[in-house]
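Enquirer: This one is entry.pdb, PDB, C-alpha atoms, pLDDT in the B column.
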```
MODEL        1
ATOM      1  CA  MET A1344       0.000   0.000   0.000  1.00 52.00           C
ATOM      2  CA  LEU A1345       2.844   2.396   0.850  1.00 50.00           C
ATOM      3  CA  HIS A1346       4.465   1.766  -2.546  1.00 53.00           C
ATOM      4  CA  LEU A1347       1.168   2.520  -4.291  1.00 45.00           C
ATOM      5  CA  VAL A1348       0.737   5.786  -2.406  1.00 42.00           C
ATOM      6  CA  CYS A1349       4.304   6.858  -3.246  1.00 50.00           C
ATOM      7  CA  ALA A1350       3.802   5.991  -6.911  1.00 47.00           C
ATOM      8  CA  LEU A1351       0.585   7.991  -7.105  1.00 45.00           C
ATOM      9  CA  ALA A1352       2.236  10.951  -5.378  1.00 51.00           C
ATOM     10  CA  ALA A1353       5.151  10.861  -7.816  1.00 50.00           C
ATOM     11  CA  LEU A1354       2.764  10.669 -10.767  1.00 46.00           C
ATOM     12  CA  ALA A1355       0.789  13.651  -9.477  1.00 48.00           C
ATOM     13  CA  SER A1356       3.924  15.733  -8.969  1.00 48.00           C
ATOM     14  CA  THR A1357       5.404  14.941 -12.390  1.00 48.00           C
ATOM     15  CA  SER A1358       2.123  15.637 -14.147  1.00 52.00           C
ATOM     16  CA  LEU A1359       2.322  19.238 -12.910  1.00 83.00           C
ATOM     17  CA  ALA A1360       5.496  19.928 -14.929  1.00 89.00           C
ATOM     18  CA  ALA A1361       5.329  20.599 -18.661  1.00 96.00           C
ATOM     19  CA  GLU A1362       7.797  21.289 -21.464  1.00 97.00           C
ATOM     20  CA  VAL A1363       6.714  24.125 -23.753  1.00 98.00           C
ATOM     21  CA  PRO A1364       8.786  24.386 -26.964  1.00 98.00           C
ATOM     22  CA  ILE A1365       8.987  27.810 -28.609  1.00 99.00           C
ATOM     23  CA  GLY A1366      10.234  28.062 -32.173  1.00 98.00           C
ATOM     24  CA  VAL A1367      11.716  31.024 -34.018  1.00 98.00           C
ATOM     25  CA  THR A1368       8.364  31.941 -35.570  1.00 97.00           C
ATOM     26  CA  ASN A1369       6.697  32.330 -32.158  1.00 98.00           C
ATOM     27  CA  SER A1370       5.679  35.870 -31.189  1.00 97.00           C
ATOM     28  CA  ALA A1371       7.668  35.490 -27.950  1.00 98.00           C
ATOM     29  CA  VAL A1372      10.915  35.489 -29.998  1.00 98.00           C
ATOM     30  CA  THR A1373      12.497  38.729 -31.240  1.00 98.00           C
ATOM     31  CA  LEU A1374      15.483  38.680 -33.619  1.00 98.00           C
ATOM     32  CA  LEU A1375      17.780  41.707 -33.812  1.00 97.00           C
ATOM     33  CA  PRO A1376      18.819  43.519 -35.827  1.00 96.00           C
ATOM     34  CA  ALA A1377      15.466  43.595 -37.512  1.00 93.00           C
ATOM     35  CA  THR A1378      16.835  45.025 -40.773  1.00 88.00           C
ATOM     36  CA  ASP A1379      16.151  43.043 -43.897  1.00 84.00           C
ATOM     37  CA  GLY A1380      18.715  40.421 -44.633  1.00 92.00           C
ATOM     38  CA  SER A1381      20.269  40.224 -41.146  1.00 96.00           C
ATOM     39  CA  TRP A1382      18.480  36.960 -40.375  1.00 98.00           C
ATOM     40  CA  THR A1383      17.389  34.147 -42.615  1.00 97.00           C
ATOM     41  CA  THR A1384      14.867  31.484 -41.624  1.00 97.00           C
ATOM     42  CA  PHE A1385      14.648  28.179 -43.475  1.00 97.00           C
ATOM     43  CA  ASN A1386      14.175  24.438 -43.050  1.00 98.00           C
ATOM     44  CA  ALA A1387      17.633  23.519 -41.804  1.00 98.00           C
ATOM     45  CA  PRO A1388      18.449  19.841 -41.064  1.00 97.00           C
ATOM     46  CA  GLY A1389      16.293  18.669 -38.149  1.00 98.00           C
ATOM     47  CA  ALA A1390      14.789  22.119 -37.612  1.00 98.00           C
ATOM     48  CA  PHE A1391      11.939  22.439 -35.122  1.00 98.00           C
ATOM     49  CA  ASN A1392       8.699  22.992 -37.056  1.00 97.00           C
ATOM     50  CA  LYS A1393      10.920  23.138 -40.170  1.00 97.00           C
ATOM     51  CA  SER A1394      12.143  26.608 -39.220  1.00 98.00           C
ATOM     52  CA  ALA A1395      15.530  27.705 -37.893  1.00 98.00           C
ATOM     53  CA  SER A1396      17.020  31.204 -38.017  1.00 98.00           C
ATOM     54  CA  PHE A1397      20.636  32.193 -38.748  1.00 98.00           C
ATOM     55  CA  ASN A1398      22.194  35.628 -38.284  1.00 97.00           C
ATOM     56  CA  ILE A1399      24.000  35.966 -41.621  1.00 95.00           C
ATOM     57  CA  LYS A1400      24.639  39.741 -41.616  1.00 94.00           C
ATOM     58  CA  ASN A1401      25.468  42.359 -38.988  1.00 94.00           C
ATOM     59  CA  SER A1402      26.602  39.600 -36.638  1.00 94.00           C
ATOM     60  CA  ASP A1403      28.153  42.096 -34.245  1.00 94.00           C
ATOM     61  CA  LEU A1404      24.613  43.258 -33.474  1.00 96.00           C
ATOM     62  CA  GLY A1405      23.078  39.796 -33.394  1.00 97.00           C
ATOM     63  CA  GLN A1406      20.675  39.309 -30.505  1.00 98.00           C
ATOM     64  CA  ILE A1407      17.748  37.023 -29.677  1.00 98.00           C
ATOM     65  CA  THR A1408      15.185  37.878 -27.005  1.00 99.00           C
ATOM     66  CA  ILE A1409      12.682  35.385 -25.575  1.00 98.00           C
ATOM     67  CA  ASN A1410       9.966  37.142 -23.642  1.00 98.00           C
ATOM     68  CA  SER A1411       7.081  34.792 -22.917  1.00 96.00           C
ATOM     69  CA  PRO A1412       4.190  35.543 -20.557  1.00 97.00           C
ATOM     70  CA  LEU A1413       4.494  31.992 -19.243  1.00 97.00           C
ATOM     71  CA  ALA A1414       6.045  31.427 -15.838  1.00 97.00           C
ATOM     72  CA  PHE A1415       8.797  28.818 -16.021  1.00 98.00           C
ATOM     73  CA  VAL A1416      11.344  27.210 -13.707  1.00 98.00           C
ATOM     74  CA  GLY A1417      13.645  25.702 -16.338  1.00 98.00           C
ATOM     75  CA  PHE A1418      15.035  26.664 -19.734  1.00 98.00           C
ATOM     76  CA  GLU A1419      16.680  24.827 -22.658  1.00 99.00           C
ATOM     77  CA  LEU A1420      18.516  26.315 -25.653  1.00 99.00           C
ATOM     78  CA  TRP A1421      18.551  24.300 -28.881  1.00 99.00           C
ATOM     79  CA  ALA A1422      20.812  25.606 -31.652  1.00 99.00           C
ATOM     80  CA  TYR A1423      23.327  24.533 -34.282  1.00 98.00           C
ATOM     81  CA  GLN A1424      27.069  24.281 -33.786  1.00 97.00           C
ATOM     82  CA  ARG A1425      28.729  25.387 -36.996  1.00 94.00           C
ATOM     83  CA  SER A1426      32.237  26.022 -38.286  1.00 93.00           C
ATOM     84  CA  ASP A1427      31.228  29.670 -38.708  1.00 91.00           C
ATOM     85  CA  GLY A1428      29.651  29.782 -35.247  1.00 93.00           C
ATOM     86  CA  GLY A1429      31.046  31.471 -32.195  1.00 94.00           C
ATOM     87  CA  VAL A1430      30.065  32.295 -28.620  1.00 96.00           C
ATOM     88  CA  VAL A1431      26.780  33.684 -27.345  1.00 97.00           C
ATOM     89  CA  GLN A1432      25.948  35.129 -23.957  1.00 97.00           C
ATOM     90  CA  LEU A1433      22.705  34.252 -22.152  1.00 98.00           C
ATOM     91  CA  THR A1434      21.226  36.666 -19.637  1.00 98.00           C
ATOM     92  CA  PHE A1435      18.189  35.954 -17.461  1.00 97.00           C
ATOM     93  CA  ASP A1436      16.274  39.032 -16.334  1.00 97.00           C
ATOM     94  CA  GLY A1437      19.376  41.162 -16.883  1.00 94.00           C
ATOM     95  CA  ALA A1438      21.332  39.497 -14.074  1.00 90.00           C
ATOM     96  CA  ARG A1439      22.145  35.812 -14.426  1.00 85.00           C
ATOM     97  CA  THR A1440      24.695  35.434 -17.239  1.00 91.00           C
ATOM     98  CA  THR A1441      26.425  32.486 -18.890  1.00 95.00           C
ATOM     99  CA  ASN A1442      28.300  31.890 -22.157  1.00 96.00           C
ATOM    100  CA  VAL A1443      27.436  29.117 -24.621  1.00 97.00           C
ATOM    101  CA  ASP A1444      29.688  27.766 -27.358  1.00 96.00           C
ATOM    102  CA  ILE A1445      28.074  27.373 -30.787  1.00 96.00           C
ATOM    103  CA  TYR A1446      31.353  26.780 -32.640  1.00 95.00           C
ATOM    104  CA  ASN A1447      32.305  23.410 -34.136  1.00 95.00           C
ATOM    105  CA  ALA A1448      35.201  23.381 -36.591  1.00 93.00           C
ATOM    106  CA  SER A1449      34.333  19.881 -37.844  1.00 95.00           C
ATOM    107  CA  SER A1450      30.691  20.613 -38.613  1.00 94.00           C
ATOM    108  CA  THR A1451      29.530  19.644 -42.110  1.00 92.00           C
ATOM    109  CA  GLY A1452      26.546  21.970 -42.074  1.00 92.00           C
ATOM    110  CA  GLN A1453      24.206  18.979 -42.047  1.00 95.00           C
ATOM    111  CA  ASP A1454      24.267  18.355 -38.319  1.00 96.00           C
ATOM    112  CA  PRO A1455      20.937  18.584 -36.446  1.00 97.00           C
ATOM    113  CA  PRO A1456      20.394  21.106 -33.660  1.00 98.00           C
ATOM    114  CA  LEU A1457      21.725  20.259 -30.216  1.00 98.00           C
ATOM    115  CA  LYS A1458      20.657  21.116 -26.712  1.00 98.00           C
ATOM    116  CA  LEU A1459      23.547  23.447 -25.951  1.00 98.00           C
ATOM    117  CA  TYR A1460      22.370  24.801 -22.601  1.00 98.00           C
ATOM    118  CA  GLU A1461      19.848  24.080 -19.888  1.00 98.00           C
ATOM    119  CA  VAL A1462      19.102  25.492 -16.470  1.00 97.00           C
ATOM    120  CA  SER A1463      16.654  24.633 -13.701  1.00 96.00           C
ATOM    121  CA  GLY A1464      15.644  26.037 -10.343  1.00 96.00           C
ATOM    122  CA  LEU A1465      14.492  29.417 -11.632  1.00 96.00           C
ATOM    123  CA  ASP A1466      11.813  31.317  -9.759  1.00 96.00           C
ATOM    124  CA  ASN A1467       8.378  30.273 -10.957  1.00 97.00           C
ATOM    125  CA  THR A1468       7.687  33.555 -12.769  1.00 97.00           C
ATOM    126  CA  PRO A1469       7.988  34.823 -16.356  1.00 98.00           C
ATOM    127  CA  HIS A1470      11.597  35.557 -17.335  1.00 98.00           C
ATOM    128  CA  GLU A1471      13.218  37.559 -20.115  1.00 98.00           C
ATOM    129  CA  VAL A1472      16.070  35.659 -21.764  1.00 98.00           C
ATOM    130  CA  VAL A1473      18.508  37.574 -23.970  1.00 98.00           C
ATOM    131  CA  ILE A1474      20.975  35.708 -26.215  1.00 98.00           C
ATOM    132  CA  LYS A1475      23.678  38.064 -27.462  1.00 97.00           C
ATOM    133  CA  ASN A1476      26.364  37.294 -29.999  1.00 97.00           C
ATOM    134  CA  LEU A1477      29.950  37.850 -28.769  1.00 96.00           C
ATOM    135  CA  ASN A1478      33.291  38.332 -30.443  1.00 94.00           C
ATOM    136  CA  ASP A1479      34.959  34.926 -30.533  1.00 92.00           C
ATOM    137  CA  PRO A1480      38.724  35.203 -29.881  1.00 88.00           C
ATOM    138  CA  ARG A1481      39.266  31.790 -31.503  1.00 85.00           C
ATOM    139  CA  VAL A1482      38.314  33.156 -34.917  1.00 81.00           C
ATOM    140  CA  GLY A1483      38.901  36.843 -34.260  1.00 85.00           C
ATOM    141  CA  HIS A1484      35.400  38.009 -35.155  1.00 90.00           C
ATOM    142  CA  PHE A1485      31.714  37.626 -34.345  1.00 94.00           C
ATOM    143  CA  GLY A1486      30.490  34.207 -35.344  1.00 93.00           C
ATOM    144  CA  GLN A1487      27.191  33.410 -36.982  1.00 93.00           C
ATOM    145  CA  THR A1488      24.678  32.952 -34.198  1.00 96.00           C
ATOM    146  CA  ASN A1489      21.515  30.937 -34.761  1.00 98.00           C
ATOM    147  CA  LEU A1490      18.435  29.569 -33.045  1.00 99.00           C
ATOM    148  CA  ASP A1491      16.378  26.455 -33.612  1.00 99.00           C
ATOM    149  CA  HIS A1492      14.059  26.625 -30.598  1.00 99.00           C
ATOM    150  CA  VAL A1493      13.951  26.958 -26.832  1.00 99.00           C
ATOM    151  CA  VAL A1494      12.036  24.928 -24.260  1.00 99.00           C
ATOM    152  CA  LEU A1495      10.354  26.441 -21.221  1.00 98.00           C
ATOM    153  CA  ILE A1496       9.879  24.086 -18.274  1.00 98.00           C
ATOM    154  CA  THR A1497       6.713  25.202 -16.576  1.00 97.00           C
ATOM    155  CA  TYR A1498       5.433  24.022 -13.227  1.00 94.00           C
ATOM    156  CA  GLU A1499       1.999  24.411 -11.748  1.00 85.00           C
ATOM    157  CA  ALA A1500       1.914  24.156  -7.983  1.00 72.00           C
ATOM    158  CA  PRO A1501      -0.640  21.611  -6.725  1.00 68.00           C
ATOM    159  CA  ALA A1502      -3.861  23.083  -5.459  1.00 63.00           C
ATOM    160  CA  VAL A1503      -4.197  23.079  -1.695  1.00 62.00           C
ATOM    161  CA  THR A1504      -7.545  21.710  -0.588  1.00 64.00           C
ATOM    162  CA  SER A1505      -8.634  22.100   2.992  1.00 63.00           C
ATOM    163  CA  THR A1506     -10.441  19.306   4.774  1.00 68.00           C
ATOM    164  CA  PRO A1507     -13.458  20.563   6.737  1.00 68.00           C
ATOM    165  CA  THR A1508     -13.199  20.002  10.460  1.00 70.00           C
ATOM    166  CA  PRO A1509     -16.049  17.762  11.641  1.00 71.00           C
ATOM    167  CA  THR A1510     -18.421  19.264  14.193  1.00 73.00           C
ATOM    168  CA  PRO A1511     -17.954  17.424  17.493  1.00 72.00           C
ATOM    169  CA  THR A1512     -21.013  15.563  18.803  1.00 74.00           C
ATOM    170  CA  PRO A1513     -21.792  16.554  22.403  1.00 73.00           C
ATOM    171  CA  THR A1514     -21.566  13.680  24.878  1.00 73.00           C
ATOM    172  CA  PRO A1515     -24.727  13.390  27.027  1.00 71.00           C
ATOM    173  CA  THR A1516     -24.105  14.018  30.738  1.00 70.00           C
ATOM    174  CA  PRO A1517     -25.887  11.512  33.051  1.00 69.00           C
ATOM    175  CA  SER A1518     -28.309  12.974  35.641  1.00 68.00           C
ATOM    176  CA  PRO A1519     -26.877  12.863  39.166  1.00 64.00           C
ATOM    177  CA  SER A1520     -28.414  10.162  41.432  1.00 62.00           C
ATOM    178  CA  PRO A1521     -29.474  11.062  45.013  1.00 59.00           C
ATOM    179  CA  SER A1522     -26.536  10.857  47.413  1.00 55.00           C
ATOM    180  CA  ASP A1523     -26.504   9.127  50.722  1.00 51.00           C
ATOM    181  CA  SER A1524     -27.024  12.473  52.428  1.00 50.00           C
ATOM    182  CA  GLU A1525     -30.290  12.918  50.547  1.00 51.00           C
ATOM    183  CA  ALA A1526     -31.688   9.537  51.608  1.00 47.00           C
ATOM    184  CA  SER A1527     -35.079   9.361  53.311  1.00 49.00           C
ATOM    185  CA  PRO A1528     -34.850  10.726  56.870  1.00 48.00           C
ATOM    186  CA  ALA A1529     -37.044   7.859  58.071  1.00 47.00           C
ATOM    187  CA  ALA A1530     -34.088   5.515  57.739  1.00 46.00           C
ATOM    188  CA  ASP A1531     -32.069   7.461  60.345  1.00 49.00           C
ATOM    189  CA  GLN A1532     -34.898   8.377  62.739  1.00 50.00           C
ATOM    190  CA  THR A1533     -35.283   6.644  66.119  1.00 49.00           C
ATOM    191  CA  THR A1534     -38.352   6.578  68.334  1.00 48.00           C
ATOM    192  CA  PRO A1535     -38.407   8.639  71.543  1.00 46.00           C
ATOM    193  CA  ALA A1536     -38.477   5.436  73.574  1.00 46.00           C
ATOM    194  CA  GLU A1537     -35.322   4.227  71.904  1.00 46.00           C
ATOM    195  CA  GLN A1538     -33.663   7.564  72.531  1.00 48.00           C
ATOM    196  CA  ASN A1539     -34.546   7.605  76.324  1.00 48.00           C
ATOM    197  CA  ALA A1540     -34.051   3.943  77.041  1.00 44.00           C
ATOM    198  CA  PRO A1541     -30.845   3.352  79.063  1.00 44.00           C
ATOM    199  CA  THR A1542     -28.372   0.916  77.850  1.00 48.00           C
ATOM    200  CA  GLY A1543     -27.512  -1.879  80.294  1.00 46.00           C
ATOM    201  CA  THR A1544     -23.928  -2.659  81.180  1.00 45.00           C
ATOM    202  CA  GLY A1545     -22.853  -6.244  81.403  1.00 46.00           C
ATOM    203  CA  ALA A1546     -24.760  -9.468  80.886  1.00 44.00           C
ATOM    204  CA  GLY A1547     -28.249  -9.740  82.484  1.00 43.00           C
ATOM    205  CA  SER A1548     -28.552  -6.072  83.412  1.00 42.00           C
ATOM    206  CA  THR A1549     -32.268  -5.302  83.187  1.00 43.00           C
ATOM    207  CA  LEU A1550     -32.946  -2.852  86.092  1.00 41.00           C
ATOM    208  CA  SER A1551     -33.370   0.738  85.265  1.00 44.00           C
ATOM    209  CA  VAL A1552     -31.858   3.552  87.322  1.00 42.00           C
ATOM    210  CA  PRO A1553     -35.187   4.690  88.958  1.00 47.00           C
ATOM    211  CA  VAL A1554     -35.867   1.201  90.394  1.00 42.00           C
ATOM    212  CA  VAL A1555     -32.448   0.981  92.034  1.00 40.00           C
ATOM    213  CA  ALA A1556     -32.862   4.396  93.612  1.00 44.00           C
ATOM    214  CA  PHE A1557     -36.270   3.449  95.044  1.00 39.00           C
ATOM    215  CA  ALA A1558     -34.781   0.341  96.682  1.00 42.00           C
ATOM    216  CA  VAL A1559     -32.035   2.351  98.319  1.00 43.00           C
ATOM    217  CA  VAL A1560     -34.603   4.715  99.876  1.00 45.00           C
ATOM    218  CA  LEU A1561     -36.805   1.951 101.343  1.00 42.00           C
ATOM    219  CA  LEU A1562     -34.002  -0.171 102.765  1.00 44.00           C
ATOM    220  CA  PRO A1563     -33.579   1.821 106.058  1.00 48.00           C
ATOM    221  CA  LEU A1564     -37.298   1.691 106.719  1.00 42.00           C
ATOM    222  CA  PHE A1565     -37.402  -2.059 106.593  1.00 42.00           C
ATOM    223  CA  GLY A1566     -34.409  -2.168 108.857  1.00 47.00           C
ATOM    224  CA  ASP A1567     -36.257  -0.376 111.688  1.00 47.00           C
ATOM    225  CA  LEU A1568     -39.158  -2.754 111.465  1.00 41.00           C
ATOM    226  CA  VAL A1569     -36.874  -5.729 111.908  1.00 42.00           C
TER
ENDMDL
END
```
Give the structure from this file in structure tokens form.
Expert:
Amino acid sequence: MLHLVCALAALASTSLAAEVPIGVTNSAVTLLPATDGSWTTFNAPGAFNKSASFNIKNSDLGQITINSPLAFVGFELWAYQRSDGGVVQLTFDGARTTNVDIYNASSTGQDPPLKLYEVSGLDNTPHEVVIKNLNDPRVGHFGQTNLDHVVLITYEAPAVTSTPTPTPTPTPTPSPSPSDSEASPAADQTTPAEQNAPTGTGAGSTLSVPVVAFAVVLLPLFGDLV
């Protein structure tokens, strides 16, 4: 049962993540310079949606901006490594910067695009990614930058559902029973005779105190008669 619960939890968590590919023809992608002839888009080998863009003129001004309204936590760059390539610089939100190599001296020009860079752990918000062409010291000039597509890794946080708290059922309180102190007074009452009757001391004691006193008074009188 525990394994089943863990498997379902893992499935639920992975189903919240999604990969959103964005090609060069997407409105979220801006290619600069925008002058005619600076960029060419065509069906290069293995191109995403049969469209890849290459910066063939004004390479020193070559720049790609990805500005999607989607919030994403991960990013992938897919591009071509070419013998006329170079180095590009990636910037996230104007702060986080890294360089990516798009140069391959042995390229035949028929190679498919490669995943040249990926990052994860970004804040779950929309981000602006700028890819800027740099002067490559290996060839002494700005290389030909290009773009096939990028992938945004989105993540939707699971909805938090609250469980209603059940209303407690009151426990009935039993009625108090009469205590010993509230018992019928008749059980503790004694008759006046029982209250005034003397208690004899010793075995066979039956004479009351008035009878003994009367005998003591009469004894001298009988003595005179004798």
Enquirer: What separation in Å, quoted to one decimal, exists between atom CA of Glu1471 of chain A and atom CA of Leu1375 of chain A?
Expert: 15.0 Å
Enquirer: What does the PyMOL selection byres ((chain A and resi 1371) around 6) select in this file, as a PyMOL selection string?
Expert: chain A and resi 1369-1370+1372+1409-1411
Enquirer: Compile the contact shell of segment 1483-1491 of chain A as an MDAnalysis selection string: residues with an atom at most 8 Å away, counting all atoms listed in the file, same-chain residues fewer than 2 positions apart removed.
Expert: chainID A and resid 1366:1367 1390:1391 1394:1399 1402:1403 1405 1421:1423 1427:1431 1445:1446 1456 1476:1481 1493
Enquirer: Return as lines of an AutoDock Vina configuration file the box centre and box size in Å, one decimal, for an axis-aligned box around all listed atoms of segment 1449-1457 of chain A padded by 8 Å per side.
Expert:
```
center_x = 27.4
center_y = 20.2
center_z = -36.2
size_x = 29.9
size_y = 19.6
size_z = 27.9
```
Enquirer: For the structure provided, state which residues fall under the PyMOL selection byres ((chain A and resi 1459) around 8), and present them as an MDAnalysis selection string.
Expert: chainID A and resid 1419:1422 1443:1445 1457:1458 1460:1461
Enquirer: For Lys1400 of chain A, list every protein, DNA or RNA residue within 7 Å, evaluated using all atoms listed in the file, and leave out those in the same chain fewer than 3 positions away; present the list as a ChimeraX atom specification.
Expert: /A:1380-1382
Enquirer: Could you pull the residues within 6 Å of Val1416 of chain A, counting all atoms listed in the file, minus those fewer than 4 positions along the same chain, as a PyMOL selection string?
Expert: chain A and resi 1463-1467+1496-1497
Enquirer: Next, dump the selected residues to file, keeping only C-alpha atoms, as a compact mmCIF listing (two decimals), in the coordinates of the input.
Expert:
```
# COMPACT_ATOMS: atom_id res chain seq x y z
CA SER A 1463 16.65 24.63 -13.70
CA GLY A 1464 15.64 26.04 -10.34
CA LEU A 1465 14.49 29.42 -11.63
CA ASP A 1466 11.81 31.32 -9.76
CA ASN A 1467 8.38 30.27 -10.96
CA ILE A 1496 9.88 24.09 -18.27
CA THR A 1497 6.71 25.20 -16.58
```
